[in-house]
Structure formats: structure tokens, C-alpha cells
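Below you'll find the structure, written out as C-alpha cells, and then a few comments.
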Amino acid sequence: MSLLSIKGMRAGYGARSVLHDIVLDVEERQIQVVLGANGAGKTTLLRAISGTIAREGAIVFDGARIDHLSARKIVAAGVAHVPQGRGTFADLTVDENIRLGAYLRTSAEARQDRERWLTFFPRLRERLSQQAGSLSGGEQQMLAITRALMLRPRLLLLDEPSLGLAPIITQGLFKTLAAIREEAGMTMLIVEQSANLALDVADSGVVLESGEIVLRDSAQNLAGNDEVRRIYLGYE
Amino acid sequence: MNLFASQIVDGLADGAIYASLALALVFSYRSTGIVNFAQGEMAMLSAYLVWQLMAWGMPLVPAALVSIVISFIAGALLYATIVKPLSHASLLTVVSVLIGLYLALNSLAGFLWTYTIKALPSLFPKAHLQIGSFAVSAETAGIIAVVGVVLLLLYLLFETTKVGLAMRGAASTPDSAILVGVSVPVMLLIGWGIAAALGALSGILVAPRVFLNPTMMFGVIIYAFAAATLGGFDSVIGAVVGGLLVGVVENLVGTYIPWIGPDLKIIVALILIFGTLLIKPDGLFGRRKVVRL
């Protein structure tokens, strides 16, 4: 059974509907990537799953419906969302951000996990007492991911982790995500516009166009698909 | 020299009172971006509540504690019933409502307790502490000590506890707070409760010095605004330092500049507000707001 299973989901902002009849399954321990142009509804998809916007349809997570739960309850159920533009606490220190990520956990769990994730992001360890707002873009993304991991989620939603980062930084970030999947068996749903690096580490992917999923395949096949290569990978 | 030193110490005691009311303003401002213009009137009602409890036979200290607890609840209720429903309203609407509340609370006090002044006893004995040749009244020392302890407790709450951290997170970046499972409305509710409790403390400390009456907080709220503005409206440390500075400056000016004296002292607060906004709008400790376009 899939960890996340979405059927007939519609979502949008007020009267404006963005997603129509989405069907999507994310398997446990897999990295699935959502490709699509600007405005295709990628961010809306993640927001609908994490309950930060209104949505209709069936969203089943870990065997239970979550489509009527509030954003806070969905977090508690084990879905961590790293929104576009990081989602950290700019006024708090790096260490406080990490501790606040474990708000729903016991302090013993928090201490344990803090050490565990800091080994994946050693740069953050050097910056623990610095204000999050003063970090570089790459470091802020690392912090946002660490903050999300501190929840001990079953599913990690990542919204354009590469946004505003240099290609070399993005590459390192995706390598770390792959390592986290290997070691912790973390399931991830990653929205990406720069598809190259994401498809490298992903198992499968879907292409979103005007609020509908128009293509779903293994990451390998997508990377080799002529149309995907032309539109999203920039090959002619 | 002794006059000078005692003016400084008295200024610190006044300043401690301004600091606690300024902190109340800063807490509600930081958590919701709203300046609670009714903060002083709420504090005045808290002081009246102590008087009422004592009239019903309760001793002073328990009455003060009960009043602070009830004020906390009232502050939380104010957030839940008025501020939260208006969270998407325009700033002008919110300001109008809070100024309306200011007038309503003021009239309510007059209605319940009349406009005749009443005496609220001081929490501290009428003794003097003698340090060498220097004497300081127990009240002055007591006010500084009480506010100091309260500030220490607040510091521990915000810096060492999980709830304190969550409150800071919810105030600074509510969108991120939701994503870590923090209930933002609950945190803001607690924030407004703490603000009202701090206000109550300032009201209870100042009432014995000025007598209880419905307009007793008028001067104090102006000085608290000066303190918060001087410190930078979003800075906790700024509110404390600002409060102490305003208290000391107010006392020194009142003593050493004869033509100002006690009557024109309030001008000092207005000059401080105006001067800060003109020269350093973010205050001594405030963060400069940078808006990305």
C-alpha cells in the first residue's frame, strides 16, 4: 500500500480552482518528483497535501484520511512541509529553529535527532548560534530541511529546494537528500523546476500541466523522454 | 550628590513601572503587529480590582496576585474576542476599535467606582533602607526588585522553555510555526495574556503613588509609549532599557530644570517620542524593517 494516496483531489485559492482531479500515489521510501512549468500547480499540490489551503477529494496518508484535518494535525500525523522560500524562523537562531522543529517531540528525541541530522548538514553545526536570517540561501535550505526532519515525519514535502541556489549547491543538496533517504528510509515528494538534478536522485516522477497530471513514469524514463527533455531539461 | 543619586534611584523605580507597561505594549505589538492603545486602561482596571478585592476583605498581596491572574485571562479574552476576529481588518479599523475600548474601559471604571480618588496601599512598608549615608525608600527598592524578578522570570520563560520558544516562533513567523505543529492562535492568546498581566503589575505599582482614579494611567501610558519607542517597538530589551532611561531622565529633568518642574515633565516623554522617530525611527534596539520588493 502506498504511503500517500490521492484520488480525485481538487484545490485552489478561493473561487479559483488550480488543481483538477489529481490522482497520485507515493510509495514508502521512494523519492517522487513533480515536474511542471511555472503556474502548473506544483506548489498548490504540496499545500493541498499539507492542509495549508482548502481542498476536496480523498487524501489517504498511512492508511487514514487526512483531507479534513487542519495543517497542524497533518504535521502531527507525520507530513513535514518545506515550503518554497524555506520556511524557517529568520529571527531565531539556527539551534532554536532546529529545536522548534521538534516542538511535537520529547526533548530526549529532539537531542538525539539533532545530532543525527547535523551529521548530514555539518555546515549548520558551525552556525548554531547565528540568526537563521543571516544564513546563505543554501544554508537556509539545509536548515529548513533539518527543521522539517526534526518532526520525525514519515513523508517529506519539498517545494523547489533548488530555488535561488547555485547549481553546485543544488547538486550537493540533492546528494544529501538521497543519503537521507538511504539511511533513514525517508519518503519524499519533491517539486522541482530544474528537473535534471532532481531526476538523478528520484525513483519516479509526474509531470503537472495546467493543474492536471499529464505524464507519470520512472525517473529514468522521464529523464529519457524526448518531450520532458525538451520542455523541462532544456535539451533540444 | 545625594540628591542626584536619589533622583537616579527614584528614576529607576519609575522607570521599572514604565518598563513593565512598555513591555506589555511590545508583547502585543510583536505577536500581532497591533499596538494596544487600551493597555493603560486595562492596567487601571486591574488596580481597581485590587482595591475592590480589598474592600471585600482580601489582604493586599493575595488581592494583587488574583488581579494579575484575572488580568491575564482578560488579556487573552481580548485577543480571542476582538483582536483575532479583526486580524484581516485594516489597521485603521483595529486602531479605532482599541481607542474605542480605551474610552469604554475608562467610562466603565468611572461608572463602577466613581471619579473620586481612592487610596490603594503600597505593597511595601514605609521604611527606609540605609546604605552608608544614602537612604532609599523600601517602596523604591521594592518596585525595582519586583520588576527585576518578573523580568528574570520572563527571560527564563522565553529563553529556556519550549512554550517560550514556540511563542517567539509564532510571533516572528506564524506560517513556519504552523508547519512545526505550533498552534499560533494559542501562542498569541498567551502573549496577550502576559501583556495584560504585565500591565496589571504596572497599574498596581503605580496606583499607591498617584491615587486610584480612572485617569491614573494617562501619564504612565505616555511614558510607556516613549519607552517603547525609544527602545524600538519590537524589542523586549529595548522596552526595559527605554523604560529605565525615560524614568531617570524624567526625574532628573523635573529636578534640575526648574521651569519644567513636575507640571511639564510629561513634555519630556513627547520630546523623546518625537526625537526618536525623527533621528532613529527604529529605536535603540529595534530591527530595521527591510521589505523585499
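By order of appearance in the C-alpha cells: chains A, B, ..., then residues from 1 within every chain, and ligands from 1 in the order shown.
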- request: Give me the residues within 6 Å of stretch 139-154 of chain A as a PyMOL selection string, counting only C-alpha atoms and dropping any in the same chain fewer than 3 places off.
  value: chain A and resi 78-80+86+88+98+101-102+135-136
Return the neighbours of chain A among the residues of chain B, cut-off 7 Å, counting only C-alpha atoms, as an mmCIF file with C-alpha atoms, in the first residue's frame.
data_model
loop_
_atom_site.group_PDB
_atom_site.id
_atom_site.type_symbol
_atom_site.label_atom_id
_atom_site.label_comp_id
_atom_site.auth_asym_id
_atom_site.auth_seq_id
_atom_site.Cartn_x
_atom_site.Cartn_y
_atom_site.Cartn_z
ATOM 1 C CA LEU B 165 10.419 29.282 22.089
ATOM 2 C CA ALA B 166 7.120 28.449 20.371
ATOM 3 C CA GLY B 169 8.413 31.482 16.708
ATOM 4 C CA SER B 172 8.045 36.138 14.322
ATOM 5 C CA THR B 173 6.974 33.726 11.550
ATOM 6 C CA SER B 176 6.502 28.450 9.743
ATOM 7 C CA ILE B 178 2.053 26.123 11.767
ATOM 8 C CA LEU B 179 4.401 23.812 9.847
ATOM 9 C CA VAL B 180 6.139 22.630 13.028
ATOM 10 C CA GLY B 181 2.808 21.978 14.734
#
message: Give me the residues near A:Ser129 as a PyMOL selection string, where near means some atom within 9 Å (using only C-alpha atoms) and where sequence neighbours in that chain fewer than 3 positions away do not count.
response: chain A and resi 93-96+125-126+132
Now that the selection is made, can you save its residues with C-alpha atoms as a PDB file, in the first residue's frame?
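Okay, this is what ended up in again25.pdb:
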ATOM      1  CA  THR A  93      18.999  31.164  15.877  1.00  0.00           C
ATOM      2  CA  VAL A  94      19.831  28.053  13.893  1.00  0.00           C
ATOM      3  CA  ASP A  95      19.746  25.976  17.060  1.00  0.00           C
ATOM      4  CA  GLU A  96      16.371  27.418  18.081  1.00  0.00           C
ATOM      5  CA  ARG A 125      26.721  22.865  13.272  1.00  0.00           C
ATOM      6  CA  GLU A 126      29.207  25.727  12.761  1.00  0.00           C
ATOM      7  CA  ALA A 132      18.692  31.977  10.638  1.00  0.00           C
TER       8      ALA A 132
END
task: From stretch 177-272 of chain B, collect each residue whose DSSP state is helix (DSSP H, G or I) and return the set as a PyMOL selection string.
output: chain B and resi 177-179+184-210+217-231+236-256+265-272
Polymer residues at most 12 Å from A:Ile168, only C-alpha atoms, same-chain spacing of 5 or more positions, as a list in words: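 My reading of the contact set: Gly138, Ser162, Leu173, Phe174, Lys175 and Leu197 of chain A.
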task: Might you pull out every residue within 12 Å of B:Ser46, with only C-alpha atoms counted and same-chain residues fewer than 2 positions away left off, and present them as a VMD selection string?
output: chain B and resid 39 to 44 48 to 53 63 to 75 105 109 120 196 to 207 212 to 214 216 to 217
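Among the candidates A:Gly41, A:Val26, A:Gln220, A:Arg127, the residue lying nearest to A:Asn196 is A:Gln220 (atoms considered: only C-alpha atoms).
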- request: Could you tell me how far atom CA of A:Asp217 lies from atom CA of A:Val33, in Å and to one decimal?
  value: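 That distance, rounded to one decimal, is 10.3 Å.
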task: Might you pull out every residue within 9 Å of A:Ala198, with only C-alpha atoms counted and same-chain residues fewer than 6 positions away left off, and present them as a ChimeraX atom specification?
output: /A:33,171,174,190-192,219
task: To one decimal in Å, tell me the separation between atom CA of B:Phe124 and atom CA of B:Asp14.
output: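 That distance, rounded to one decimal, is 14.9 Å.
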query: Tell me, which residues of stretch 78-212 of chain A carry DSSP strand (DSSP E or B), written as JSON, numbers by chain?
result: {"A": [79, 80, 81, 82, 93, 131, 155, 156, 157, 158, 159, 187, 188, 189, 190, 191, 192, 204, 205, 206, 207, 208, 209, 212]}
Write to file, as a PDB file, in the first residue's frame, the residues of the selection just made, with C-alpha atoms.
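And here's again_12.pdb as it stands now:
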ATOM      1  CA  VAL A  79       3.801  15.003   7.000  1.00  0.00           C
ATOM      2  CA  ALA A  80       6.519  17.657   7.031  1.00  0.00           C
ATOM      3  CA  HIS A  81       6.327  20.525   4.533  1.00  0.00           C
ATOM      4  CA  VAL A  82       9.325  22.614   3.490  1.00  0.00           C
ATOM      5  CA  THR A  93      18.999  31.164  15.877  1.00  0.00           C
ATOM      6  CA  GLN A 131      20.374  34.034  13.335  1.00  0.00           C
ATOM      7  CA  LEU A 155       6.725  11.942   4.428  1.00  0.00           C
ATOM      8  CA  LEU A 156       8.764  15.000   3.494  1.00  0.00           C
ATOM      9  CA  LEU A 157       7.268  17.537   1.078  1.00  0.00           C
ATOM     10  CA  LEU A 158       9.903  19.760  -0.528  1.00  0.00           C
ATOM     11  CA  ASP A 159       8.891  22.771  -2.594  1.00  0.00           C
ATOM     12  CA  THR A 187       9.767   9.131   1.722  1.00  0.00           C
ATOM     13  CA  MET A 188       9.901  12.389  -0.243  1.00  0.00           C
ATOM     14  CA  LEU A 189       7.716  14.268  -2.671  1.00  0.00           C
ATOM     15  CA  ILE A 190       9.817  16.963  -4.331  1.00  0.00           C
ATOM     16  CA  VAL A 191       8.508  19.740  -6.543  1.00  0.00           C
ATOM     17  CA  GLU A 192      11.186  20.966  -8.925  1.00  0.00           C
ATOM     18  CA  SER A 204       9.679   8.196 -10.131  1.00  0.00           C
ATOM     19  CA  GLY A 205       8.057  11.374 -11.298  1.00  0.00           C
ATOM     20  CA  VAL A 206       4.962  13.037 -12.633  1.00  0.00           C
ATOM     21  CA  VAL A 207       4.550  15.994 -14.946  1.00  0.00           C
ATOM     22  CA  LEU A 208       1.952  18.557 -13.973  1.00  0.00           C
ATOM     23  CA  GLU A 209       0.413  20.791 -16.639  1.00  0.00           C
ATOM     24  CA  GLU A 212      -3.504  18.050 -14.266  1.00  0.00           C
TER      25      GLU A 212
END
task: Measuring atom to atom with only C-alpha atoms, identify which of A:Ile6, A:Val34, A:Leu19, A:Ile53 is nearest to A:Leu215.
output: A:Val34
query: To one decimal place, how far is atom CA of A:Gly85 from atom CA of A:Leu163 in Å?
result: 7.6 Å
field: Best match for closeness to B:Gly142 among B:Thr116, B:Leu252, B:Ala13, B:Phe4, counting only C-alpha atoms
entry: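 The shortest atom-to-atom distance to B:Gly142 comes from B:Ala13.
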